[in-house]
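Since the structure comes first, as structure tokens, the remarks are kept for the end.
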Amino acid sequence: MNQRPSDDLPAAFARLGGTEDRQVWSELWDGLCHQGCVYEDSYPALPFLAATATGRAPGEPRDAVLMAGLIASAADEERTARYGEEIAALLPVARSLLAEETHDPVSFVYLLQCVLAFEGERLWSAGRLEGLFEGEYEIDCPSCGSGLFIAFGEDGPFASAGDYVTGDPARTELLPADPAALAPLPARLHRTAAGAGHEGTARGLTYLFGGAVCPDCGTGFEVAEQVESRY
């Protein structure tokens with residue numbers, strides 16, 4: 001039977017630093033965070049990931065930060081305290097990588113979530129920002145319960161409901177938030193994205209933290225609140 005990375009973490013991470021790093025990271029992701037899930041066996045990897053991220057061990061810091069950020073986003077108070085030293089060491093590395101990421105909006109959002117996770121923010125660090133680069137969210141109307149499709153990518157911005165197979169769904173336009181009126185965390189996210197040149201992400205944040213009207217029942221609601229409850 002093949003050994004899992006979690007069976008011998010020192011040996012698993014000791015394989016980094018050579019020509020097969022891509023394969024090693026693939027195996028680490030598959031064994032420790034399969035399909036983006038965090039397990040009990042994932043948390044003991046944080047000291048090794050922190051060592052890689054800070055250059056005290058071989059391997060690519062970005063890969064280490066991305067995996068550690070996912071793990072940290074799922075940590076409860078006890079685990080956060082247990083690995084507090086490692087998380088504190090990872091935060092400045094993540095901030096530095098985020099500041100350097102001015103080209104790839106997908107990597108930017110992932111790194112932004114990592115920074116939030118290391119800062120202790122558990123709501124928006126746990127994958128809920130990923131609709132920003134996908135350009136869409138699926139949510140439910142808080143009033144009538146209709147399943148809604150929120151889109152602000154190339155085909156957006158709109159909220160839609162209805163039968164996508166047999167006919168055109170009903171649509172209403174999204175109501176973007178005024179960046180100057182955003183709450184502190186959304187305002188900071190918007191400012192960071194705009195400052196890094198990620199205008200599409202910054203624009204998406206105004207829709208994510210803006211409003212919508214259900215095409216079925218006409219009820220207005222805050223998009224972010226429904227994203228919080230759905231994801």
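By convention here, the chains of the structure tokens are called A, B, ... in the order presented, each chain's residues are numbered starting at 1, and ligands are numbered starting at 1 in the order presented.
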Neighbour list for A:Leu189 as a PDB file with C-alpha atoms, in the first residue's frame, cut-off 9 Å, only C-alpha atoms, skip fewer than 6 positions in-chain:
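Result file around15.pdb:
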ATOM      1  CA  LEU A 112      -5.879  37.305  -0.614  1.00  0.00           C
ATOM      2  CA  ALA A 202     -12.351  45.182  -7.527  1.00  0.00           C
ATOM      3  CA  LEU A 205     -16.309  43.035  -4.957  1.00  0.00           C
TER       4      LEU A 205
END
Point to revise | Selection near stretch 10-12 of chain A, 9 Å with only C-alpha atoms, sequence-local residues under 6 positions removed, as an NGL selection string | key: :A and (4 or 24 or 27-28 or 48)
Atoms to include: N, CA, C and O atoms. Write the selected residues as a PDB file, in the first residue's frame.
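Printed below is selection-v4.pdb as written:
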ATOM      1  N   ARG A   4       0.911   7.534   2.605  1.00  0.00           N
ATOM      2  CA  ARG A   4       0.370   8.872   2.471  1.00  0.00           C
ATOM      3  C   ARG A   4       1.372   9.879   3.037  1.00  0.00           C
ATOM      4  O   ARG A   4       2.122   9.564   3.958  1.00  0.00           O
ATOM      5  N   VAL A  24       5.803  16.343  -6.325  1.00  0.00           N
ATOM      6  CA  VAL A  24       5.750  16.252  -4.861  1.00  0.00           C
ATOM      7  C   VAL A  24       4.602  17.094  -4.319  1.00  0.00           C
ATOM      8  O   VAL A  24       3.827  16.638  -3.470  1.00  0.00           O
ATOM      9  N   GLU A  27       1.316  15.434  -4.881  1.00  0.00           N
ATOM     10  CA  GLU A  27       1.078  14.358  -3.921  1.00  0.00           C
ATOM     11  C   GLU A  27       0.723  14.913  -2.544  1.00  0.00           C
ATOM     12  O   GLU A  27      -0.136  14.358  -1.838  1.00  0.00           O
ATOM     13  N   LEU A  28       1.368  16.018  -2.165  1.00  0.00           N
ATOM     14  CA  LEU A  28       1.052  16.635  -0.874  1.00  0.00           C
ATOM     15  C   LEU A  28      -0.383  17.152  -0.860  1.00  0.00           C
ATOM     16  O   LEU A  28      -1.122  16.957   0.119  1.00  0.00           O
ATOM     17  N   PHE A  48       5.808  22.435   8.777  1.00  0.00           N
ATOM     18  CA  PHE A  48       6.632  22.163   7.593  1.00  0.00           C
ATOM     19  C   PHE A  48       6.353  23.198   6.502  1.00  0.00           C
ATOM     20  O   PHE A  48       7.277  23.655   5.818  1.00  0.00           O
TER      21      PHE A  48
END
Exercise for review: Go through stretch 15-175 of chain A and collect every residue that DSSP, computed from the backbone, puts in strand (DSSP E or B); the answer should be as a list in words.
Suggested key: Glu136, Tyr137, Glu138, Ile139, Asp140, Gly147, Leu148, Phe149, Ile150, Ala151, Phe158, Ala159, Ser160, Ala161, Ala170, Arg171, Thr172, Glu173 and Leu175 of chain A
Keeping all heavy atoms, export the residues of the selection given above as a short mmCIF file (atom, residue, chain, number, x, y, z; two decimals), in the first residue's frame.
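result.cif, freshly written:
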data_model
loop_
_atom_site.label_atom_id
_atom_site.label_comp_id
_atom_site.auth_asym_id
_atom_site.auth_seq_id
_atom_site.Cartn_x
_atom_site.Cartn_y
_atom_site.Cartn_z
N GLU A 136 -19.21 34.30 -10.78
CA GLU A 136 -20.59 33.90 -10.50
C GLU A 136 -20.72 33.24 -9.14
O GLU A 136 -19.75 32.70 -8.59
CB GLU A 136 -21.07 32.91 -11.56
CG GLU A 136 -20.22 31.63 -11.62
CD GLU A 136 -20.52 30.76 -12.81
OE1 GLU A 136 -20.64 31.33 -13.92
OE2 GLU A 136 -20.62 29.54 -12.65
N TYR A 137 -21.94 33.30 -8.61
CA TYR A 137 -22.31 32.59 -7.38
C TYR A 137 -23.72 32.02 -7.58
O TYR A 137 -24.55 32.61 -8.27
CB TYR A 137 -22.35 33.54 -6.18
CG TYR A 137 -21.00 33.99 -5.68
CD1 TYR A 137 -20.44 35.19 -6.12
CD2 TYR A 137 -20.29 33.23 -4.75
CE1 TYR A 137 -19.21 35.63 -5.64
CE2 TYR A 137 -19.05 33.65 -4.28
CZ TYR A 137 -18.52 34.85 -4.72
OH TYR A 137 -17.30 35.27 -4.26
N GLU A 138 -23.97 30.90 -6.96
CA GLU A 138 -25.32 30.35 -6.90
C GLU A 138 -25.82 30.50 -5.47
O GLU A 138 -25.18 30.00 -4.54
CB GLU A 138 -25.33 28.88 -7.32
CG GLU A 138 -25.02 28.67 -8.79
CD GLU A 138 -25.13 27.21 -9.21
OE1 GLU A 138 -26.00 26.50 -8.66
OE2 GLU A 138 -24.35 26.80 -10.07
N ILE A 139 -26.95 31.18 -5.31
CA ILE A 139 -27.48 31.45 -3.98
C ILE A 139 -28.99 31.20 -3.98
O ILE A 139 -29.57 30.83 -5.02
CB ILE A 139 -27.20 32.89 -3.53
CG1 ILE A 139 -27.86 33.89 -4.48
CG2 ILE A 139 -25.69 33.15 -3.45
CD1 ILE A 139 -27.75 35.32 -4.03
N ASP A 140 -29.62 31.41 -2.85
CA ASP A 140 -31.08 31.29 -2.73
C ASP A 140 -31.68 32.62 -2.32
O ASP A 140 -31.10 33.36 -1.51
CB ASP A 140 -31.44 30.23 -1.69
CG ASP A 140 -30.94 28.86 -2.06
OD1 ASP A 140 -31.08 28.47 -3.23
OD2 ASP A 140 -30.39 28.16 -1.18
N GLY A 147 -33.81 29.40 -6.33
CA GLY A 147 -32.39 29.32 -6.62
C GLY A 147 -32.01 30.40 -7.61
O GLY A 147 -32.63 30.52 -8.68
N LEU A 148 -31.02 31.19 -7.27
CA LEU A 148 -30.63 32.32 -8.11
C LEU A 148 -29.18 32.16 -8.56
O LEU A 148 -28.35 31.59 -7.86
CB LEU A 148 -30.78 33.64 -7.34
CG LEU A 148 -32.16 33.96 -6.78
CD1 LEU A 148 -32.12 35.29 -6.03
CD2 LEU A 148 -33.21 33.98 -7.88
N PHE A 149 -28.93 32.71 -9.72
CA PHE A 149 -27.60 32.72 -10.31
C PHE A 149 -27.13 34.17 -10.34
O PHE A 149 -27.75 35.01 -11.00
CB PHE A 149 -27.66 32.12 -11.71
CG PHE A 149 -26.34 31.97 -12.39
CD1 PHE A 149 -25.44 30.99 -12.00
CD2 PHE A 149 -25.99 32.79 -13.45
CE1 PHE A 149 -24.23 30.84 -12.65
CE2 PHE A 149 -24.78 32.65 -14.09
CZ PHE A 149 -23.90 31.66 -13.69
N ILE A 150 -26.07 34.47 -9.59
CA ILE A 150 -25.52 35.82 -9.54
C ILE A 150 -24.28 35.86 -10.42
O ILE A 150 -23.33 35.11 -10.19
CB ILE A 150 -25.15 36.21 -8.10
CG1 ILE A 150 -26.36 36.14 -7.17
CG2 ILE A 150 -24.52 37.60 -8.06
CD1 ILE A 150 -27.43 37.15 -7.46
N ALA A 151 -24.28 36.71 -11.42
CA ALA A 151 -23.15 36.77 -12.36
C ALA A 151 -22.69 38.20 -12.53
O ALA A 151 -23.50 39.11 -12.68
CB ALA A 151 -23.56 36.20 -13.71
N PHE A 158 -25.92 40.46 -13.27
CA PHE A 158 -27.35 40.22 -13.14
C PHE A 158 -27.61 39.12 -12.12
O PHE A 158 -26.73 38.34 -11.76
CB PHE A 158 -27.96 39.81 -14.49
CG PHE A 158 -27.37 38.55 -15.08
CD1 PHE A 158 -27.74 37.28 -14.64
CD2 PHE A 158 -26.44 38.62 -16.11
CE1 PHE A 158 -27.21 36.13 -15.19
CE2 PHE A 158 -25.89 37.47 -16.67
CZ PHE A 158 -26.28 36.22 -16.22
N ALA A 159 -28.85 39.10 -11.65
CA ALA A 159 -29.38 37.98 -10.87
C ALA A 159 -30.43 37.31 -11.75
O ALA A 159 -31.25 37.99 -12.37
CB ALA A 159 -30.01 38.48 -9.57
N SER A 160 -30.38 36.01 -11.84
CA SER A 160 -31.33 35.32 -12.72
C SER A 160 -31.97 34.15 -12.00
O SER A 160 -31.41 33.57 -11.08
CB SER A 160 -30.64 34.85 -14.00
OG SER A 160 -29.64 33.90 -13.69
N ALA A 161 -33.17 33.81 -12.44
CA ALA A 161 -33.91 32.67 -11.91
C ALA A 161 -34.75 32.11 -13.03
O ALA A 161 -35.18 32.85 -13.92
CB ALA A 161 -34.80 33.09 -10.74
N ALA A 170 -35.51 34.55 -16.07
CA ALA A 170 -35.79 35.96 -15.75
C ALA A 170 -34.56 36.58 -15.11
O ALA A 170 -33.85 35.93 -14.34
CB ALA A 170 -36.99 36.05 -14.82
N ARG A 171 -34.32 37.86 -15.42
CA ARG A 171 -33.11 38.52 -14.91
C ARG A 171 -33.45 39.89 -14.31
O ARG A 171 -34.38 40.55 -14.74
CB ARG A 171 -32.09 38.73 -16.02
CG ARG A 171 -31.46 37.46 -16.58
CD ARG A 171 -30.38 37.84 -17.58
NE ARG A 171 -29.69 36.67 -18.10
CZ ARG A 171 -28.65 36.72 -18.92
NH1 ARG A 171 -28.16 37.91 -19.31
NH2 ARG A 171 -28.07 35.62 -19.34
N THR A 172 -32.66 40.26 -13.33
CA THR A 172 -32.66 41.63 -12.83
C THR A 172 -31.21 42.07 -12.69
O THR A 172 -30.32 41.24 -12.46
CB THR A 172 -33.35 41.73 -11.45
OG1 THR A 172 -32.69 40.86 -10.53
CG2 THR A 172 -34.82 41.36 -11.55
N GLU A 173 -30.96 43.35 -12.85
CA GLU A 173 -29.59 43.86 -12.75
C GLU A 173 -29.15 43.92 -11.29
O GLU A 173 -29.95 44.21 -10.39
CB GLU A 173 -29.48 45.24 -13.39
CG GLU A 173 -29.59 45.22 -14.90
CD GLU A 173 -29.18 46.54 -15.51
OE1 GLU A 173 -28.58 47.36 -14.80
OE2 GLU A 173 -29.45 46.73 -16.71
N LEU A 175 -27.09 45.50 -8.09
CA LEU A 175 -26.95 46.87 -7.58
C LEU A 175 -25.60 46.98 -6.88
O LEU A 175 -25.47 46.60 -5.71
CB LEU A 175 -28.09 47.18 -6.61
CG LEU A 175 -29.50 46.89 -7.15
CD1 LEU A 175 -30.53 47.02 -6.04
CD2 LEU A 175 -29.82 47.80 -8.33
#
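As for atom CA of A:Leu90 and atom CA of A:Ala126, they are spaced 16.8 Å apart.
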**Study point:** Counting only C-alpha atoms, the option among A:Val65, A:Ala89, A:Ala81, A:Leu208 closest to A:Pro186
**Key:**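 Under the stated criterion, the closest residue is A:Leu208.
Using only C-alpha atoms, the smallest distance between any of A:Gly59, A:Gly17, A:Pro105, A:Gly31 and A:Gly197 comes from A:Pro105.
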Review point. Hey, what does DSSP flag as helix (DSSP H, G or I) within stretch 17-226 of chain A? Can you give it to me as a PyMOL selection string?
Key: chain A and resi 21-32+34-36+40-53+61-73+77-82+84-100+105-119+131-134+179-181+184-195+199-208+223-226
Check your understanding: Quick one: distance from atom CA of A:Val106 to atom CA of A:Phe133 in Å, one decimal?
Key -> 5.8 Å
Review point. Using only C-alpha atoms, which of the listed residues (A:Pro179, A:Gly220, A:Gly120, A:Gly36) sits closest to A:Glu77?
Key: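 Among the listed residues, A:Gly120 lies closest to A:Glu77.
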Check your understanding: Which neighbours of A:Ala117 fall inside 7 Å, counting only C-alpha atoms, when residues of the same chain fewer than 4 positions from it are skipped, and could you give them as a VMD selection string?
Key -> chain A and resid 69 72 to 73 113 121 to 122 125
Check your understanding: Which polymer residues have any atom within 9 Å of an atom of A:Glu228, counting only C-alpha atoms, with same-chain residues fewer than 3 positions away left out, as a list in words?
Key ->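 Residues meeting the cut-off are Leu123, Trp124, Arg128, Val223, Ala224, Glu225 and Tyr231 of chain A.
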Revision key, fill the gap. Among A:Leu32, A:Val109, A:Leu129, A:Cys141, A:Cys217 is approached most closely, using only C-alpha atoms, by A:Cys141
Check your understanding: Quick one, how far is atom CA of A:Leu111 from atom CA of A:Ala51?
Key ->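 According to the coordinates, atom CA of A:Leu111 and atom CA of A:Ala51 are separated by 17.9 Å.
Using only C-alpha atoms, the contacts of A:Ala187 at a cut-off of 12 Å, with sequence neighbours closer than 2 positions omitted, comprise Ala177, Asp178, Pro179, Ala180, Ala181, Leu182, Ala183, Pro184, Leu185, Leu189, His190, Arg191, Thr192, Ala193, Ala194, Gly195, Ala202, Arg203, Leu205, Thr206, Leu208, Phe209 and Gly210 of chain A.
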For the selection you just gave me, I'd like the residues written to a file as a compact mmCIF listing (two decimals), in the first residue's frame, keeping all heavy atoms.
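out.txt, written as the output of this step:
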# COMPACT_ATOMS: atom_id res chain seq x y z
N ALA A 177 -22.33 48.10 -4.82
CA ALA A 177 -22.09 48.97 -3.68
C ALA A 177 -21.17 50.11 -4.09
O ALA A 177 -20.32 49.97 -4.97
CB ALA A 177 -21.47 48.19 -2.53
N ASP A 178 -21.34 51.23 -3.44
CA ASP A 178 -20.43 52.36 -3.61
C ASP A 178 -19.16 52.02 -2.83
O ASP A 178 -19.22 51.78 -1.62
CB ASP A 178 -21.07 53.62 -3.04
CG ASP A 178 -20.16 54.84 -3.14
OD1 ASP A 178 -18.99 54.70 -3.55
OD2 ASP A 178 -20.62 55.93 -2.76
N PRO A 179 -17.99 51.95 -3.49
CA PRO A 179 -16.76 51.60 -2.76
C PRO A 179 -16.52 52.47 -1.54
O PRO A 179 -15.98 51.99 -0.53
CB PRO A 179 -15.66 51.80 -3.82
CG PRO A 179 -16.36 51.57 -5.12
CD PRO A 179 -17.75 52.12 -4.93
N ALA A 180 -16.92 53.73 -1.60
CA ALA A 180 -16.71 54.64 -0.48
C ALA A 180 -17.61 54.31 0.71
O ALA A 180 -17.35 54.78 1.82
CB ALA A 180 -16.94 56.07 -0.92
N ALA A 181 -18.66 53.53 0.47
CA ALA A 181 -19.61 53.21 1.53
C ALA A 181 -19.47 51.78 2.05
O ALA A 181 -20.27 51.35 2.88
CB ALA A 181 -21.04 53.44 1.04
N LEU A 182 -18.48 51.05 1.57
CA LEU A 182 -18.29 49.66 2.00
C LEU A 182 -17.87 49.59 3.46
O LEU A 182 -17.21 50.50 3.99
CB LEU A 182 -17.23 48.97 1.14
CG LEU A 182 -17.63 48.62 -0.30
CD1 LEU A 182 -16.40 48.21 -1.10
CD2 LEU A 182 -18.68 47.52 -0.32
N ALA A 183 -18.23 48.49 4.12
CA ALA A 183 -17.79 48.23 5.48
C ALA A 183 -16.26 48.04 5.47
O ALA A 183 -15.66 47.82 4.41
CB ALA A 183 -18.49 46.99 6.03
N PRO A 184 -15.61 48.10 6.64
CA PRO A 184 -14.14 48.09 6.68
C PRO A 184 -13.48 46.93 5.92
O PRO A 184 -12.55 47.16 5.13
CB PRO A 184 -13.84 48.04 8.18
CG PRO A 184 -14.98 48.77 8.80
CD PRO A 184 -16.18 48.39 7.98
N LEU A 185 -13.92 45.69 6.14
CA LEU A 185 -13.25 44.58 5.46
C LEU A 185 -13.47 44.61 3.96
O LEU A 185 -12.50 44.55 3.19
CB LEU A 185 -13.69 43.24 6.05
CG LEU A 185 -13.08 42.00 5.35
CD1 LEU A 185 -11.55 42.04 5.43
CD2 LEU A 185 -13.63 40.72 5.94
N LEU A 189 -10.58 45.03 1.03
CA LEU A 189 -10.41 44.10 -0.07
C LEU A 189 -10.47 44.83 -1.41
O LEU A 189 -9.66 44.59 -2.31
CB LEU A 189 -11.49 43.01 -0.02
CG LEU A 189 -11.52 42.11 1.22
CD1 LEU A 189 -12.67 41.12 1.13
CD2 LEU A 189 -10.19 41.38 1.40
N HIS A 190 -11.43 45.74 -1.53
CA HIS A 190 -11.58 46.51 -2.77
C HIS A 190 -10.35 47.38 -3.01
O HIS A 190 -9.83 47.44 -4.13
CB HIS A 190 -12.84 47.38 -2.68
CG HIS A 190 -13.10 48.18 -3.91
ND1 HIS A 190 -12.55 49.42 -4.11
CD2 HIS A 190 -13.85 47.91 -5.01
CE1 HIS A 190 -12.94 49.88 -5.28
NE2 HIS A 190 -13.74 49.00 -5.85
N ARG A 191 -9.87 48.03 -1.97
CA ARG A 191 -8.71 48.90 -2.08
C ARG A 191 -7.47 48.10 -2.47
O ARG A 191 -6.66 48.53 -3.31
CB ARG A 191 -8.49 49.60 -0.73
CG ARG A 191 -7.41 50.65 -0.74
CD ARG A 191 -7.47 51.50 0.52
NE ARG A 191 -7.35 50.68 1.74
CZ ARG A 191 -8.34 50.45 2.58
NH1 ARG A 191 -9.56 50.95 2.35
NH2 ARG A 191 -8.15 49.72 3.68
N THR A 192 -7.32 46.91 -1.91
CA THR A 192 -6.17 46.06 -2.22
C THR A 192 -6.21 45.60 -3.67
O THR A 192 -5.19 45.63 -4.38
CB THR A 192 -6.15 44.84 -1.28
OG1 THR A 192 -6.08 45.28 0.07
CG2 THR A 192 -4.94 43.95 -1.58
N ALA A 193 -7.39 45.18 -4.12
CA ALA A 193 -7.52 44.71 -5.50
C ALA A 193 -7.28 45.84 -6.49
O ALA A 193 -6.55 45.69 -7.48
CB ALA A 193 -8.90 44.09 -5.71
N ALA A 194 -7.90 46.99 -6.24
CA ALA A 194 -7.72 48.13 -7.15
C ALA A 194 -6.28 48.60 -7.16
O ALA A 194 -5.73 48.92 -8.23
CB ALA A 194 -8.65 49.27 -6.73
N GLY A 195 -5.64 48.60 -5.99
CA GLY A 195 -4.26 49.04 -5.91
C GLY A 195 -3.30 48.12 -6.63
O GLY A 195 -2.24 48.56 -7.10
N ALA A 202 -11.81 44.04 -8.29
CA ALA A 202 -12.35 45.18 -7.53
C ALA A 202 -13.80 45.44 -7.89
O ALA A 202 -14.65 45.67 -7.01
CB ALA A 202 -11.51 46.43 -7.78
N ARG A 203 -14.12 45.36 -9.17
CA ARG A 203 -15.50 45.57 -9.61
C ARG A 203 -16.40 44.44 -9.09
O ARG A 203 -17.51 44.68 -8.63
CB ARG A 203 -15.56 45.62 -11.14
CG ARG A 203 -16.96 45.90 -11.69
CD ARG A 203 -16.91 46.13 -13.19
NE ARG A 203 -16.39 44.98 -13.91
CZ ARG A 203 -15.18 44.93 -14.46
NH1 ARG A 203 -14.36 45.96 -14.35
NH2 ARG A 203 -14.78 43.85 -15.11
N LEU A 205 -16.07 42.82 -6.39
CA LEU A 205 -16.31 43.04 -4.96
C LEU A 205 -17.47 44.00 -4.73
O LEU A 205 -18.22 43.85 -3.76
CB LEU A 205 -15.04 43.56 -4.29
CG LEU A 205 -13.95 42.51 -4.04
CD1 LEU A 205 -12.60 43.16 -3.81
CD2 LEU A 205 -14.32 41.62 -2.86
N THR A 206 -17.64 44.98 -5.60
CA THR A 206 -18.77 45.90 -5.43
C THR A 206 -20.09 45.19 -5.65
O THR A 206 -21.11 45.57 -5.04
CB THR A 206 -18.67 47.11 -6.37
OG1 THR A 206 -18.82 46.69 -7.74
CG2 THR A 206 -17.35 47.84 -6.20
N LEU A 208 -20.43 41.74 -5.18
CA LEU A 208 -20.51 40.75 -4.10
C LEU A 208 -21.04 41.40 -2.83
O LEU A 208 -21.85 40.81 -2.10
CB LEU A 208 -19.13 40.14 -3.86
CG LEU A 208 -19.01 39.17 -2.67
CD1 LEU A 208 -19.97 38.00 -2.81
CD2 LEU A 208 -17.57 38.66 -2.55
N PHE A 209 -20.59 42.61 -2.54
CA PHE A 209 -21.03 43.31 -1.33
C PHE A 209 -22.09 44.36 -1.64
O PHE A 209 -22.32 45.28 -0.85
CB PHE A 209 -19.83 43.93 -0.63
CG PHE A 209 -18.90 42.90 -0.04
CD1 PHE A 209 -17.76 42.50 -0.72
CD2 PHE A 209 -19.22 42.29 1.17
CE1 PHE A 209 -16.93 41.51 -0.18
CE2 PHE A 209 -18.39 41.31 1.70
CZ PHE A 209 -17.24 40.92 1.03
N GLY A 210 -22.75 44.19 -2.78
CA GLY A 210 -23.85 45.05 -3.16
C GLY A 210 -25.19 44.35 -2.97
O GLY A 210 -25.33 43.43 -2.18
Check your understanding: Between A:Ala94, A:Leu116, A:Ala212, A:Val38, which is the closest to A:Ala64 once you count only C-alpha atoms?
Key ->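 Using only C-alpha atoms, the shortest distance to A:Ala64 belongs to A:Ala94.
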Check your understanding: What's the 8 Å shell around A:Pro142, counting only C-alpha atoms, without same-chain residues fewer than 2 positions away, as number ranges by chain?
Key -> A: 140, 144-145, 221, 226
Restrict the selected residues to C-alpha atoms and save them as a tab-separated table (two decimals), in the first residue's frame.
chain	number	residue	atom	x	y	z
A	140	ASP	CA	-31.08	31.29	-2.73
A	144	CYS	CA	-39.15	32.91	-1.70
A	145	GLY	CA	-36.30	30.40	-1.68
A	221	PHE	CA	-31.40	41.49	-0.51
A	226	GLN	CA	-26.72	34.99	0.91
**Study point:** Distance criterion (only C-alpha atoms): nearest to A:Pro61 out of A:Gly84, A:Pro92, A:Gly135, A:Pro44
**Key:**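 Of A:Gly84, A:Pro92, A:Gly135, A:Pro44, the one nearest A:Pro61 is A:Pro92, counting only C-alpha atoms.
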Practice item. Extract, using only C-alpha atoms, all DNA, RNA and protein residues at most 12 Å from A:Ser26, discarding same-chain residues fewer than 3 positions from it, and format them as a list in words. Key: Pro5, Ala12, Phe13, Leu16, Glu20, Asp21, Arg22, Gln23, Trp29, Asp30, Gly31, Leu32, Cys33, His34, Gln35, Asp63, Ala64 and Met67 of chain A
